[in-house]
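K.L.:
Once you've had a glance at the structure underneath, I'll fire off some questions.
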Amino acid sequence: MKTNLATNLRKKIRVIEDFPKKGILFQDITSITDDAKLLRQVVKSISRYAKKNKFTKIAAVEARGFIFGAAIAYECNVPLVPIRKKGKLPGDVLKQKYSLEYGNDEIQIHKGSINSKDKVLIVDDLIATGGTALASAKLISKLKVKKIEFYMIIDLENVGGSQAVGKKYKISSLLKTKG
């Protein structure tokens, strides 16, 4: 199933050259969400993995990760924990600053949304450099959870993020390609 799904994704995902800047091969995930059957296949595949491995929370990275993370959490009947950019969550939050190619950023989750008994699957649309993924893991690991893993739809394997994340965390993806 996973191999057929990867083939279907490779055929369906629209690649836009030189967007948002020259040299980038932008992977347009709206070509997945535009296809109800393919979207269901993606959600069902990752949900099977999450159920099999008994994850108790799905954490989704803003913003495109929310598309898939919410559907997976629903399918697994577990809570969704949104990982948001600075200033987007009201109330008490946990924070993690991190560096980007062009500056710094910060992500946050609500305090109390995850506890030490949880097994957390972090979901996002793709992994490129791995900066946001590593910051997400660092943020969630502050809560001393039982397990943290990643599941991405697309791994831009030539950019190096999955290799960096994979040094410390298990990371899975449905499609490996170039970015």
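A note on labels: chains of the structure tokens are A, B, ... as shown, every chain counts residues from 1, and ligands are counted from 1 in their shown order.
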Find the residues around A:His110 up to 7 Å (only C-alpha atoms counted), leave out those fewer than 3 positions away in its own chain, and share them as a ChimeraX atom specification.

P.N.:
/A:92-94,113

K.L.:
Find the residues near A:Lys142: any atom within 10 Å, counting only C-alpha atoms, skip ones fewer than 4 places away on the same chain, and give them as a list in words.

P.N.:
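Once the adjacent positions are removed, what remains is Leu94, Lys95, Gln96, Asn115, Ser116, Ala137 and Lys138 of chain A.
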
K.L.:
Take the residues from that selection and put them in a file with C-alpha atoms, as a PDB file, in the first residue's frame.

P.N.:
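New file selection_13.pdb:
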ATOM      1  CA  LEU A  94       5.355  26.519  26.418  1.00  0.00           C
ATOM      2  CA  LYS A  95       7.807  28.177  24.020  1.00  0.00           C
ATOM      3  CA  GLN A  96      10.739  27.131  21.899  1.00  0.00           C
ATOM      4  CA  ASN A 115       1.851  15.144  29.596  1.00  0.00           C
ATOM      5  CA  SER A 116       4.612  12.724  30.530  1.00  0.00           C
ATOM      6  CA  ALA A 137      10.672  17.905  19.257  1.00  0.00           C
ATOM      7  CA  LYS A 138      12.672  20.085  21.647  1.00  0.00           C
TER       8      LYS A 138
END

K.L.:
Please return as a list in words: the residues of stretch 7-81 of chain A that backbone DSSP assigns to strand (DSSP E or B).

P.N.:
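Answer for stretch 7-81 of chain A restricted to strand (DSSP E or B) is Arg14, Val15, Ile16, Glu17, Leu25, Phe26, Gln27, Asp28, Lys57, Ile58, Ala59, Ala60, Val61, Leu80 and Val81 of chain A.
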
K.L.:
How many Å separate atom CA of A:Thr132 from atom CA of A:Asn4?

P.N.:
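Interatomic distance here is 28.7 Å.
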
K.L.:
Can you tell me which residues surround A:Ile72 at a distance of at most 12 Å, considering only C-alpha atoms, apart from same-chain residues fewer than 5 positions away, and format the answer as a ChimeraX atom specification?

P.N.:
/A:39-51,55-60,65-67,77-81,121-124,151

K.L.:
Just N, CA and C atoms for this one: save the residues we selected as a CSV table (one decimal), in the first residue's frame.

P.N.:
chain,number,residue,atom,x,y,z
A,39,LEU,N,-6.4,12.2,-0.7
A,39,LEU,CA,-6.3,12.7,0.7
A,39,LEU,C,-6.7,11.6,1.7
A,40,ARG,N,-7.8,10.9,1.4
A,40,ARG,CA,-8.2,9.8,2.3
A,40,ARG,C,-7.1,8.7,2.4
A,41,GLN,N,-6.4,8.4,1.3
A,41,GLN,CA,-5.3,7.4,1.3
A,41,GLN,C,-4.2,7.9,2.2
A,42,VAL,N,-3.8,9.1,2.1
A,42,VAL,CA,-2.8,9.7,3.0
A,42,VAL,C,-3.2,9.6,4.4
A,43,VAL,N,-4.3,10.1,4.8
A,43,VAL,CA,-4.8,10.1,6.2
A,43,VAL,C,-4.9,8.7,6.7
A,44,LYS,N,-5.5,7.8,5.9
A,44,LYS,CA,-5.6,6.4,6.4
A,44,LYS,C,-4.3,5.7,6.6
A,45,SER,N,-3.3,6.0,5.7
A,45,SER,CA,-2.0,5.3,5.9
A,45,SER,C,-1.3,5.8,7.1
A,46,ILE,N,-1.3,7.1,7.4
A,46,ILE,CA,-0.6,7.6,8.6
A,46,ILE,C,-1.4,7.2,9.8
A,47,SER,N,-2.7,7.2,9.7
A,47,SER,CA,-3.6,6.8,10.9
A,47,SER,C,-3.3,5.4,11.3
A,48,ARG,N,-3.2,4.5,10.3
A,48,ARG,CA,-2.9,3.1,10.6
A,48,ARG,C,-1.6,3.0,11.4
A,49,TYR,N,-0.6,3.7,11.0
A,49,TYR,CA,0.7,3.8,11.7
A,49,TYR,C,0.6,4.3,13.1
A,50,ALA,N,-0.2,5.4,13.2
A,50,ALA,CA,-0.4,6.0,14.6
A,50,ALA,C,-1.1,5.0,15.5
A,51,LYS,N,-2.1,4.4,15.0
A,51,LYS,CA,-2.9,3.4,15.8
A,51,LYS,C,-2.0,2.2,16.2
A,55,PHE,N,0.0,5.9,19.5
A,55,PHE,CA,0.2,7.3,19.9
A,55,PHE,C,-1.0,7.8,20.6
A,56,THR,N,-0.8,8.6,21.6
A,56,THR,CA,-1.9,9.2,22.4
A,56,THR,C,-2.2,10.6,22.0
A,57,LYS,N,-1.3,11.3,21.3
A,57,LYS,CA,-1.5,12.6,20.8
A,57,LYS,C,-0.9,12.8,19.4
A,58,ILE,N,-1.6,13.5,18.6
A,58,ILE,CA,-1.0,14.0,17.3
A,58,ILE,C,-0.7,15.4,17.4
A,59,ALA,N,0.5,15.8,17.2
A,59,ALA,CA,0.9,17.2,17.2
A,59,ALA,C,1.1,17.6,15.7
A,60,ALA,N,0.5,18.8,15.3
A,60,ALA,CA,0.6,19.2,14.0
A,60,ALA,C,1.3,20.6,13.9
A,65,GLY,N,0.6,21.5,8.2
A,65,GLY,CA,0.5,20.2,9.0
A,65,GLY,C,-0.9,20.1,9.7
A,66,PHE,N,-1.6,21.2,9.9
A,66,PHE,CA,-2.9,21.1,10.5
A,66,PHE,C,-3.9,20.4,9.6
A,67,ILE,N,-3.7,20.5,8.3
A,67,ILE,CA,-4.6,19.9,7.3
A,67,ILE,C,-4.6,18.4,7.5
A,77,ASN,N,-9.0,9.0,16.8
A,77,ASN,CA,-9.8,9.3,18.0
A,77,ASN,C,-8.8,9.7,19.2
A,78,VAL,N,-7.9,10.6,18.9
A,78,VAL,CA,-6.9,11.1,19.9
A,78,VAL,C,-6.9,12.6,19.7
A,79,PRO,N,-6.5,13.3,20.8
A,79,PRO,CA,-6.4,14.8,20.7
A,79,PRO,C,-5.4,15.3,19.7
A,80,LEU,N,-5.7,16.5,19.1
A,80,LEU,CA,-4.7,17.2,18.3
A,80,LEU,C,-4.1,18.3,19.1
A,81,VAL,N,-2.8,18.4,19.0
A,81,VAL,CA,-2.1,19.5,19.7
A,81,VAL,C,-1.5,20.4,18.6
A,121,LEU,N,3.0,11.8,18.1
A,121,LEU,CA,3.4,11.7,16.7
A,121,LEU,C,3.3,13.1,16.1
A,122,ILE,N,4.4,13.7,15.7
A,122,ILE,CA,4.4,15.1,15.1
A,122,ILE,C,4.2,14.9,13.6
A,123,VAL,N,3.2,15.6,13.1
A,123,VAL,CA,2.9,15.5,11.6
A,123,VAL,C,3.1,16.8,11.0
A,124,ASP,N,3.6,16.8,9.8
A,124,ASP,CA,3.7,18.0,8.9
A,124,ASP,C,3.6,17.6,7.5
A,151,TYR,N,6.1,12.0,11.3
A,151,TYR,CA,5.5,11.5,10.1
A,151,TYR,C,5.3,12.6,9.2

K.L.:
So what do you get for atom CA of A:Ile140 versus atom CA of A:Gln108, distance-wise?

P.N.:
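Calculated distance between atom CA of A:Ile140 and atom CA of A:Gln108 is 9.5 Å.
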